[in-house]
Each structure stands twice: as structure tokens, then as C-alpha cells.
>>> print(open('protein.pdb').read())   # PDB, C-alpha atoms, pLDDT in the B column
ATOM      1  CA  MET A   1     -20.780  30.014  27.049  1.00 54.00           C
ATOM      2  CA  ALA A   2     -23.789  29.499  24.843  1.00 59.00           C
ATOM      3  CA  ALA A   3     -23.368  28.830  21.169  1.00 58.00           C
ATOM      4  CA  ALA A   4     -24.273  31.712  18.889  1.00 61.00           C
ATOM      5  CA  ARG A   5     -27.202  31.176  16.587  1.00 68.00           C
ATOM      6  CA  ASP A   6     -26.789  31.129  12.833  1.00 69.00           C
ATOM      7  CA  VAL A   7     -23.015  30.924  13.077  1.00 67.00           C
ATOM      8  CA  ARG A   8     -21.160  28.201  11.239  1.00 63.00           C
ATOM      9  CA  PRO A   9     -18.990  26.049  13.483  1.00 54.00           C
ATOM     10  CA  ARG A  10     -15.254  26.263  13.142  1.00 55.00           C
ATOM     11  CA  ARG A  11     -13.718  23.648  10.925  1.00 53.00           C
ATOM     12  CA  ILE A  12     -12.684  20.650  12.938  1.00 56.00           C
ATOM     13  CA  GLY A  13      -9.577  18.807  11.864  1.00 58.00           C
ATOM     14  CA  GLY A  14      -6.551  19.679   9.892  1.00 62.00           C
ATOM     15  CA  GLY A  15      -6.006  20.063   6.263  1.00 70.00           C
ATOM     16  CA  ARG A  16      -3.118  21.023   4.085  1.00 77.00           C
ATOM     17  CA  SER A  17      -1.849  24.484   3.445  1.00 79.00           C
ATOM     18  CA  GLY A  18      -2.658  26.026   0.092  1.00 77.00           C
ATOM     19  CA  GLU A  19       1.053  25.908  -0.704  1.00 86.00           C
ATOM     20  CA  TYR A  20       1.409  22.183   0.001  1.00 83.00           C
ATOM     21  CA  ALA A  21       1.319  21.019  -3.639  1.00 82.00           C
ATOM     22  CA  ALA A  22       3.717  23.784  -4.752  1.00 85.00           C
ATOM     23  CA  ARG A  23       6.270  22.870  -2.056  1.00 88.00           C
ATOM     24  CA  ARG A  24       6.084  19.192  -3.021  1.00 85.00           C
ATOM     25  CA  ARG A  25       6.703  20.063  -6.688  1.00 86.00           C
ATOM     26  CA  VAL A  26       9.736  22.197  -5.779  1.00 90.00           C
ATOM     27  CA  ARG A  27      11.195  19.359  -3.675  1.00 88.00           C
ATOM     28  CA  GLY A  28      10.500  16.825  -6.401  1.00 84.00           C
ATOM     29  CA  THR A  29       8.373  14.713  -4.070  1.00 80.00           C
ATOM     30  CA  VAL A  30       6.304  12.144  -5.892  1.00 76.00           C
ATOM     31  CA  GLY A  31       3.470  10.217  -4.271  1.00 79.00           C
ATOM     32  CA  GLU A  32       3.729   6.441  -4.494  1.00 79.00           C
ATOM     33  CA  TYR A  33       0.966   4.056  -3.615  1.00 84.00           C
ATOM     34  CA  ALA A  34       0.870   0.290  -3.405  1.00 88.00           C
ATOM     35  CA  ALA A  35      -1.981  -1.639  -4.925  1.00 90.00           C
ATOM     36  CA  GLU A  36      -5.001  -2.212  -2.698  1.00 92.00           C
ATOM     37  CA  TRP A  37      -5.223  -5.466  -0.782  1.00 92.00           C
ATOM     38  CA  SER A  38      -7.967  -7.936  -1.530  1.00 92.00           C
ATOM     39  CA  ASP A  39      -9.627  -9.427   1.544  1.00 91.00           C
ATOM     40  CA  ALA A  40      -8.313 -12.914   0.794  1.00 91.00           C
ATOM     41  CA  ALA A  41      -4.749 -11.734   0.164  1.00 93.00           C
ATOM     42  CA  SER A  42      -4.633  -9.634   3.325  1.00 93.00           C
ATOM     43  CA  HIS A  43      -5.997 -12.457   5.482  1.00 93.00           C
ATOM     44  CA  SER A  44      -3.581 -14.953   3.999  1.00 95.00           C
ATOM     45  CA  VAL A  45      -0.536 -12.708   4.498  1.00 96.00           C
ATOM     46  CA  PHE A  46      -1.609 -11.685   8.008  1.00 96.00           C
ATOM     47  CA  ASP A  47      -2.138 -15.314   9.037  1.00 95.00           C
ATOM     48  CA  GLY A  48       1.189 -16.272   7.434  1.00 96.00           C
ATOM     49  CA  LEU A  49       3.047 -13.513   9.267  1.00 96.00           C
ATOM     50  CA  HIS A  50       1.508 -14.567  12.585  1.00 96.00           C
ATOM     51  CA  ALA A  51       2.305 -18.245  12.012  1.00 95.00           C
ATOM     52  CA  GLY A  52       5.849 -17.466  10.887  1.00 94.00           C
ATOM     53  CA  SER A  53       6.565 -15.188  13.820  1.00 95.00           C
ATOM     54  CA  ALA A  54       5.292 -17.816  16.262  1.00 96.00           C
ATOM     55  CA  ARG A  55       7.350 -20.527  14.548  1.00 94.00           C
ATOM     56  CA  VAL A  56      10.615 -18.584  14.796  1.00 93.00           C
ATOM     57  CA  GLY A  57       9.772 -17.056  18.169  1.00 96.00           C
ATOM     58  CA  VAL A  58       9.984 -13.361  17.349  1.00 96.00           C
ATOM     59  CA  ALA A  59       7.493 -10.498  17.452  1.00 96.00           C
ATOM     60  CA  ILE A  60       5.364 -10.104  14.350  1.00 95.00           C
ATOM     61  CA  CYS A  61       6.956  -6.710  13.600  1.00 95.00           C
ATOM     62  CA  LYS A  62      10.451  -8.235  13.522  1.00 96.00           C
ATOM     63  CA  HIS A  63       9.257 -11.135  11.404  1.00 96.00           C
ATOM     64  CA  THR A  64       7.519  -8.788   8.951  1.00 96.00           C
ATOM     65  CA  GLU A  65      10.678  -6.695   8.711  1.00 96.00           C
ATOM     66  CA  GLY A  66      12.665  -9.860   8.010  1.00 95.00           C
ATOM     67  CA  VAL A  67      10.277 -10.945   5.260  1.00 96.00           C
ATOM     68  CA  LEU A  68      10.433  -7.505   3.625  1.00 96.00           C
ATOM     69  CA  ALA A  69      14.234  -7.316   3.960  1.00 96.00           C
ATOM     70  CA  SER A  70      14.671 -10.766   2.393  1.00 94.00           C
ATOM     71  CA  GLY A  71      14.056  -9.418  -1.105  1.00 92.00           C
ATOM     72  CA  VAL A  72      11.917 -10.798  -3.888  1.00 93.00           C
ATOM     73  CA  GLY A  73      13.112 -14.368  -3.353  1.00 94.00           C
ATOM     74  CA  GLY A  74      12.323 -14.263   0.362  1.00 95.00           C
ATOM     75  CA  ILE A  75       8.898 -12.769  -0.289  1.00 96.00           C
ATOM     76  CA  GLU A  76       8.150 -15.518  -2.806  1.00 95.00           C
ATOM     77  CA  ARG A  77       9.271 -18.185  -0.295  1.00 94.00           C
ATOM     78  CA  PHE A  78       7.081 -16.603   2.380  1.00 95.00           C
ATOM     79  CA  LEU A  79       4.063 -16.559   0.071  1.00 95.00           C
ATOM     80  CA  THR A  80       4.666 -20.149  -1.025  1.00 93.00           C
ATOM     81  CA  HIS A  81       5.314 -21.675   2.404  1.00 91.00           C
ATOM     82  CA  ASP A  82       3.358 -19.524   4.872  1.00 91.00           C
ATOM     83  CA  CYS A  83       0.365 -18.124   3.005  1.00 88.00           C
ATOM     84  CA  HIS A  84      -1.981 -21.045   2.617  1.00 85.00           C
ATOM     85  CA  GLY A  85      -5.323 -20.808   0.926  1.00 82.00           C
ATOM     86  CA  ALA A  86      -4.549 -17.868  -1.352  1.00 86.00           C
ATOM     87  CA  CYS A  87      -5.278 -18.282  -5.044  1.00 91.00           C
ATOM     88  CA  ALA A  88      -2.685 -17.412  -7.671  1.00 92.00           C
ATOM     89  CA  PHE A  89      -4.194 -13.939  -8.202  1.00 93.00           C
ATOM     90  CA  ASP A  90      -4.056 -13.129  -4.478  1.00 93.00           C
ATOM     91  CA  ARG A  91      -0.477 -14.439  -4.175  1.00 93.00           C
ATOM     92  CA  ALA A  92       0.572 -12.257  -7.124  1.00 95.00           C
ATOM     93  CA  LEU A  93      -1.206  -9.249  -5.605  1.00 94.00           C
ATOM     94  CA  ALA A  94       0.459  -9.875  -2.231  1.00 95.00           C
ATOM     95  CA  ALA A  95       3.845 -10.254  -3.943  1.00 96.00           C
ATOM     96  CA  ASP A  96       3.401  -6.873  -5.673  1.00 95.00           C
ATOM     97  CA  ILE A  97       2.369  -5.126  -2.461  1.00 95.00           C
ATOM     98  CA  LEU A  98       5.076  -6.728  -0.312  1.00 96.00           C
ATOM     99  CA  THR A  99       7.746  -5.968  -2.940  1.00 96.00           C
ATOM    100  CA  PHE A 100       6.594  -2.327  -3.030  1.00 95.00           C
ATOM    101  CA  HIS A 101       6.893  -2.077   0.767  1.00 94.00           C
ATOM    102  CA  ALA A 102      10.233  -3.911   0.731  1.00 96.00           C
ATOM    103  CA  GLY A 103      11.556  -1.154  -1.542  1.00 93.00           C
ATOM    104  CA  ARG A 104      10.225   1.525   0.792  1.00 91.00           C
ATOM    105  CA  LEU A 105      11.831  -0.219   3.774  1.00 93.00           C
ATOM    106  CA  ALA A 106      15.155  -0.489   1.920  1.00 93.00           C
ATOM    107  CA  ARG A 107      15.124   3.229   1.070  1.00 89.00           C
ATOM    108  CA  ALA A 108      14.180   4.174   4.626  1.00 88.00           C
ATOM    109  CA  THR A 109      16.937   2.113   6.222  1.00 88.00           C
ATOM    110  CA  SER A 110      19.743   2.917   3.796  1.00 83.00           C
TER     111      SER A 110
END
>>> encode(input="protein.pdb", output="C-alpha cells")
Amino acid sequence: MAAARDVRPRRIGGGRSGEYAARRRVRGTVGEYAAEWSDAASHSVFDGLHAGSARVGVAICKHTEGVLASGVGGIERFLTHDCHGACAFDRALAADILTFHAGRLARATS
């Protein structure tokens, strides 16, 4: 079938219903967002997670879950011992982001 001339194409992709925001307000849903990673912080944490998972012999997903489930103290130990090369700012940023996701994991698994 040939395309019709001077006809706008259908919209490709999804999108939210016009009632989306109203339904979220009724449910009391609030959007939460973690801070954005810096390149150095993300590389340091990613390398640390890979090294730690190899050291203990588990998949990276399990190791990441363990780090997040270990609480603030465990996250600080991870950042101190496994995340080499990160400056103090990047370690603090990573701590904030990991603590945010640890809270989300705790709420999801409780």
C-alpha cells in the first residue's frame, strides 16, 4: 500500500494518558529520583562491584544486592575498600546514590 501524500504519520511510541497525573495524585504517588552519577563515581563503583563480586565468587547482581542490603555502614565500607581512585566528592555522591537505592530495595523487599 502506498503512503498517502500530505498526511501526517501516526505517532510512533507510547505516551501517558491525559489522566496519568490525576491518578497519581489520587493514589498519593510521589516521584523520587536519585542524584545523577558523575563519570568518575560511576566508573569507580562499577569497577568496585565487579572486583568485589569476583573476589567473593558471586554474580555481580547478587553482590550489588548485598552491598545495598548492608546499610549505610556496608556502603561506606564498600566505597572505602573497593572503590579506588574516587575523590572525596565522588565517594560522597556515590554514597548518596547507593543509600537512596538501598532504601528503595528495602521498601521493595519488605
>>> resolve_selection(input="protein.pdb", expression="the PyMOL selection byres ((chain A and resi 50-67) around 12)", output="PyMOL selection string")
chain A and resi 43-49+68-79+81-84+95+98-99+101-106+109
>>> atom_distance(input="protein.pdb", atom1="atom CA of A:Gly28", atom2="atom CA of A:Ala108")
17.2 Å
>>> atom_distance(input="protein.pdb", atom1="atom CA of A:Glu32", atom2="atom CA of A:Ala92")
19.1 Å
>>> atom_distance(input="protein.pdb", atom1="atom CA of A:Leu93", atom2="atom CA of A:Thr80")
13.2 Å
>>> residues_around(input="protein.pdb", residues="A:Asp96", least_positions_apart="4", cutoff="8 Å", atoms="only C-alpha atoms", output="PDB file with C-alpha atoms, in the coordinates of the input")
ATOM      1  CA  ALA A  34       0.870   0.290  -3.405  1.00 88.00           C
ATOM      2  CA  ALA A  35      -1.981  -1.639  -4.925  1.00 90.00           C
ATOM      3  CA  ALA A  92       0.572 -12.257  -7.124  1.00 95.00           C
ATOM      4  CA  PHE A 100       6.594  -2.327  -3.030  1.00 95.00           C
TER       5      PHE A 100
END
>>> closest_residue(input="protein.pdb", among="A:Ala22, A:Ser110, A:Ala40, A:Arg16", to="A:Cys87", atoms="all atoms listed in the file")
A:Ala40
>>> residues_around(input="protein.pdb", residues="A:Ser42", least_positions_apart="5", cutoff="9 Å", atoms="only C-alpha atoms", output="ChimeraX atom specification")
/A:37,47,90,94
